[in-house]
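Only one structure is covered here, and it is reproduced in the block below.
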Amino acid sequence: MWSYNRLLDSDKIIKENINWQGPLSIPGYENTNGLNSIPDLEGVYLFTFKFNDGYLLYGAGITNSTKRRLKEHVREYKKGNYTILDMKSAKKGIRNEIWHGWDYAKTHRKEFLDKKETILKSVDQQLSSSRIFITELKDKRLRERIEASIMNNIYNSKENWADLADRGMFLKMRYNSEMPIEANNIADNKIYGLPDFLEF
């Protein structure tokens with residue numbers, strides 16, 4: 001089986017541009033944040049919020065339908081299955097959890113129900129504050145590789161704000177049997193956590 005060799009095969013690396021649309025609203029929050037709705041497309045999406053002179057990336061995902069997938073996220077937030085951040089702290093790059101999602105949420109349903117009204121107010125604040133960026137990409141494997149590269153870039157960052165991103169995602173990095181792609185990320189706004197140049 002062919003295996004990529006960085007020294008011998010560097011001239012074969014594919015170069016592309018990734019164009020990011022946004023900022024856009026999470027479905028259902030257009031009236032509160034005044035942003036445009038997301039178009040429905042296949043691709044990669046980024047969760048961000050306003051930060052300094054741009055936006056701070058704290059999550060990425062892939063989907064066959066951006067509208068359907070983002071609506072699924074909204075439902076999971078409101079069920080208490082996702083971690084909810086204090087947005088005042090988050091906008092300073094500090095992770096302060098209002099509600100612990102994932103495994104904690106599964107074993108603490110009574111706590112969620114007892115605090116549900118307060119937690120859901122924080123959910124609305126986070127979702128209303130979220131700014132979505134998307135890029136259209138029909139090839140599923142390329143979507144997986146971009147998602148993995150973006151999230152690993154955050155995980156490996158030494159910036160304080162890197163702690164805002166949830167860990168434990170199942171990421172599918174480039175296999176050594178796949179040719180690397182070098183991409184320029186193009187957006188109208190600065191996105192902290194999204195490098196100008198990305199290899200995936």
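Labels used: A, B, ... for chains in the order of the structure tokens, numbers from 1 for residues in each chain, and numbers from 1 for ligands as shown.
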
Which of range 72-148 of chain A fall in strand (DSSP E), as a list of chain:residue names: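 Written out, the strand (DSSP E) residues of range 72-148 of chain A are A:Ile84, A:Leu85, A:Glu97, A:Ile98, A:Trp99, A:Arg131, A:Ile132, A:Phe133, A:Ile134, A:Thr135, A:Glu136.
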
Go ahead and dump the residues you just picked, C-alpha atoms, as a PDB file, in the first residue's frame.
```pdb
ATOM      1  CA  ILE A  84     -23.095  25.078  28.919  1.00  0.00           C
ATOM      2  CA  LEU A  85     -20.614  27.913  29.371  1.00  0.00           C
ATOM      3  CA  GLU A  97     -19.239  25.870  33.165  1.00  0.00           C
ATOM      4  CA  ILE A  98     -22.834  26.626  34.125  1.00  0.00           C
ATOM      5  CA  TRP A  99     -23.763  23.002  33.477  1.00  0.00           C
ATOM      6  CA  ARG A 131     -21.925  32.760  15.625  1.00  0.00           C
ATOM      7  CA  ILE A 132     -21.800  30.005  13.031  1.00  0.00           C
ATOM      8  CA  PHE A 133     -19.357  29.849  10.127  1.00  0.00           C
ATOM      9  CA  ILE A 134     -19.796  27.222   7.416  1.00  0.00           C
ATOM     10  CA  THR A 135     -18.055  25.956   4.324  1.00  0.00           C
ATOM     11  CA  GLU A 136     -19.656  23.757   1.693  1.00  0.00           C
TER      12      GLU A 136
END
```

Non-local contacts of Asn189 in chain A (12 Å; only C-alpha atoms; under 5 positions in same chain excluded) as a list in words: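 The neighbour list is Asn19, Trp20, Gln21, Gly22, Pro23, Thr48, Phe49, Lys50, Phe51, Asn52, Asp53, Gly54, Tyr55, Leu56, Leu57, Arg131, Ile132, Phe133, Leu194 and Asp196 of chain A.
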
Quick one: write out the picked residues with C-alpha atoms as a compact mmCIF listing (two decimals), in the first residue's frame?
```
# COMPACT_ATOMS: atom_id res chain seq x y z
CA ASN A 19 -14.11 29.81 2.01
CA TRP A 20 -16.02 30.32 5.25
CA GLN A 21 -19.45 31.98 5.22
CA GLY A 22 -20.56 33.80 8.35
CA PRO A 23 -21.23 34.88 10.96
CA THR A 48 -17.78 30.75 17.56
CA PHE A 49 -18.68 33.85 19.57
CA LYS A 50 -17.48 37.45 19.54
CA PHE A 51 -13.99 37.82 20.94
CA ASN A 52 -11.65 40.82 20.85
CA ASP A 53 -11.54 42.05 17.22
CA GLY A 54 -13.10 38.91 15.77
CA TYR A 55 -14.61 35.59 16.78
CA LEU A 56 -13.35 32.75 18.95
CA LEU A 57 -13.73 29.18 17.70
CA ARG A 131 -21.93 32.76 15.63
CA ILE A 132 -21.80 30.00 13.03
CA PHE A 133 -19.36 29.85 10.13
CA LEU A 194 -8.76 28.88 12.90
CA ASP A 196 -4.78 31.07 8.12
```

All residues 12 Å or closer to range 109-114 of chain A, only C-alpha atoms, same chain fewer than 2 positions away omitted, as a VMD selection string: chain A and resid 77 to 84 98 to 107 116 to 120

Could those selected residues go to a file with N, CA and C atoms, as a tab-separated table (two decimals), in the first residue's frame?
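Output saved as selection.tsv:
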```
chain	number	residue	atom	x	y	z
A	77	TYR	N	-28.75	20.71	23.60
A	77	TYR	CA	-28.47	21.73	24.62
A	77	TYR	C	-29.65	21.85	25.58
A	78	LYS	N	-30.84	21.91	25.02
A	78	LYS	CA	-32.02	22.14	25.86
A	78	LYS	C	-32.41	20.91	26.68
A	79	LYS	N	-31.91	19.74	26.31
A	79	LYS	CA	-32.12	18.54	27.11
A	79	LYS	C	-31.09	18.43	28.24
A	80	GLY	N	-30.09	19.32	28.20
A	80	GLY	CA	-29.04	19.28	29.23
A	80	GLY	C	-27.94	18.30	28.93
A	81	ASN	N	-27.83	17.85	27.68
A	81	ASN	CA	-26.82	16.85	27.33
A	81	ASN	C	-25.47	17.45	26.98
A	82	TYR	N	-25.42	18.75	26.72
A	82	TYR	CA	-24.17	19.41	26.36
A	82	TYR	C	-23.70	20.33	27.49
A	83	THR	N	-22.41	20.57	27.52
A	83	THR	CA	-21.84	21.52	28.47
A	83	THR	C	-22.28	22.94	28.11
A	84	ILE	N	-22.64	23.71	29.13
A	84	ILE	CA	-23.09	25.08	28.92
A	84	ILE	C	-22.10	26.01	29.60
A	98	ILE	N	-21.56	26.50	33.43
A	98	ILE	CA	-22.83	26.63	34.12
A	98	ILE	C	-23.42	25.24	34.39
A	99	TRP	N	-23.26	24.37	33.38
A	99	TRP	CA	-23.76	23.00	33.48
A	99	TRP	C	-22.77	22.07	32.80
A	100	HIS	N	-22.48	20.95	33.46
A	100	HIS	CA	-21.55	19.97	32.92
A	100	HIS	C	-22.33	18.96	32.08
A	101	GLY	N	-22.03	18.88	30.81
A	101	GLY	CA	-22.75	17.97	29.93
A	101	GLY	C	-22.11	16.60	29.85
A	102	TRP	N	-22.47	15.89	28.79
A	102	TRP	CA	-21.89	14.60	28.45
A	102	TRP	C	-22.11	13.58	29.56
A	103	ASP	N	-21.07	12.92	30.06
A	103	ASP	CA	-21.24	11.84	31.05
A	103	ASP	C	-21.84	12.35	32.35
A	104	TYR	N	-21.46	13.54	32.77
A	104	TYR	CA	-22.01	14.11	33.99
A	104	TYR	C	-23.53	14.25	33.87
A	105	ALA	N	-23.96	14.75	32.73
A	105	ALA	CA	-25.40	14.97	32.52
A	105	ALA	C	-26.19	13.66	32.60
A	106	LYS	N	-25.59	12.58	32.13
A	106	LYS	CA	-26.30	11.29	32.13
A	106	LYS	C	-26.58	10.79	33.54
A	107	THR	N	-25.69	11.11	34.46
A	107	THR	CA	-25.82	10.57	35.82
A	107	THR	C	-26.38	11.59	36.82
A	116	LYS	N	-33.44	23.34	36.06
A	116	LYS	CA	-33.73	23.45	34.62
A	116	LYS	C	-34.02	24.87	34.17
A	117	GLU	N	-34.82	25.61	34.90
A	117	GLU	CA	-35.19	26.97	34.48
A	117	GLU	C	-33.95	27.86	34.35
A	118	THR	N	-33.08	27.80	35.35
A	118	THR	CA	-31.85	28.60	35.32
A	118	THR	C	-30.91	28.14	34.22
A	119	ILE	N	-30.79	26.83	34.07
A	119	ILE	CA	-29.89	26.28	33.05
A	119	ILE	C	-30.35	26.66	31.65
A	120	LEU	N	-31.68	26.59	31.41
A	120	LEU	CA	-32.18	26.91	30.07
A	120	LEU	C	-32.00	28.39	29.72
```

DSSP alpha helix (DSSP H) selection over range 29-163 of chain A, as a VMD selection string: chain A and resid 30 to 33 66 to 78 87 to 90 103 to 107 109 to 114 116 to 129 140 to 155

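Distance annotation: of A:Arg95, A:Lys15, A:Arg75, A:Lys67, the residue with the minimal separation from Asp163 in chain A is A:Arg95; atom set is only C-alpha atoms.
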
Nearest to Glu199 in chain A, chosen from A:Asn36, A:Asn17, A:Ser3, A:Thr66, with only C-alpha atoms counted in the distances: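 Answer, going by the shortest atom-to-atom distance: A:Asn17.
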
Option closest in space to Gly34 in chain A, from A:Ala148, A:Lys158, A:Pro195, A:Ser128 [counting only C-alpha atoms]: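 Answer, going by the shortest atom-to-atom distance: A:Ser128.
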
Between CA of Glu72 in chain A and CA of Asp166 in chain A - distance in Å to one decimal: 17.5 Å

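Minimum atom-to-atom distances from A:Glu182, A:Glu159, A:Asp188, A:Glu76 to Glu16 in chain A were compared using only C-alpha atoms, and the lowest value belongs to A:Glu182.
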
Interatomic distance, CA of Thr32 in chain A to CA of Ile191 in chain A (Å, one decimal):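 These two atoms are separated by 22.1 Å.
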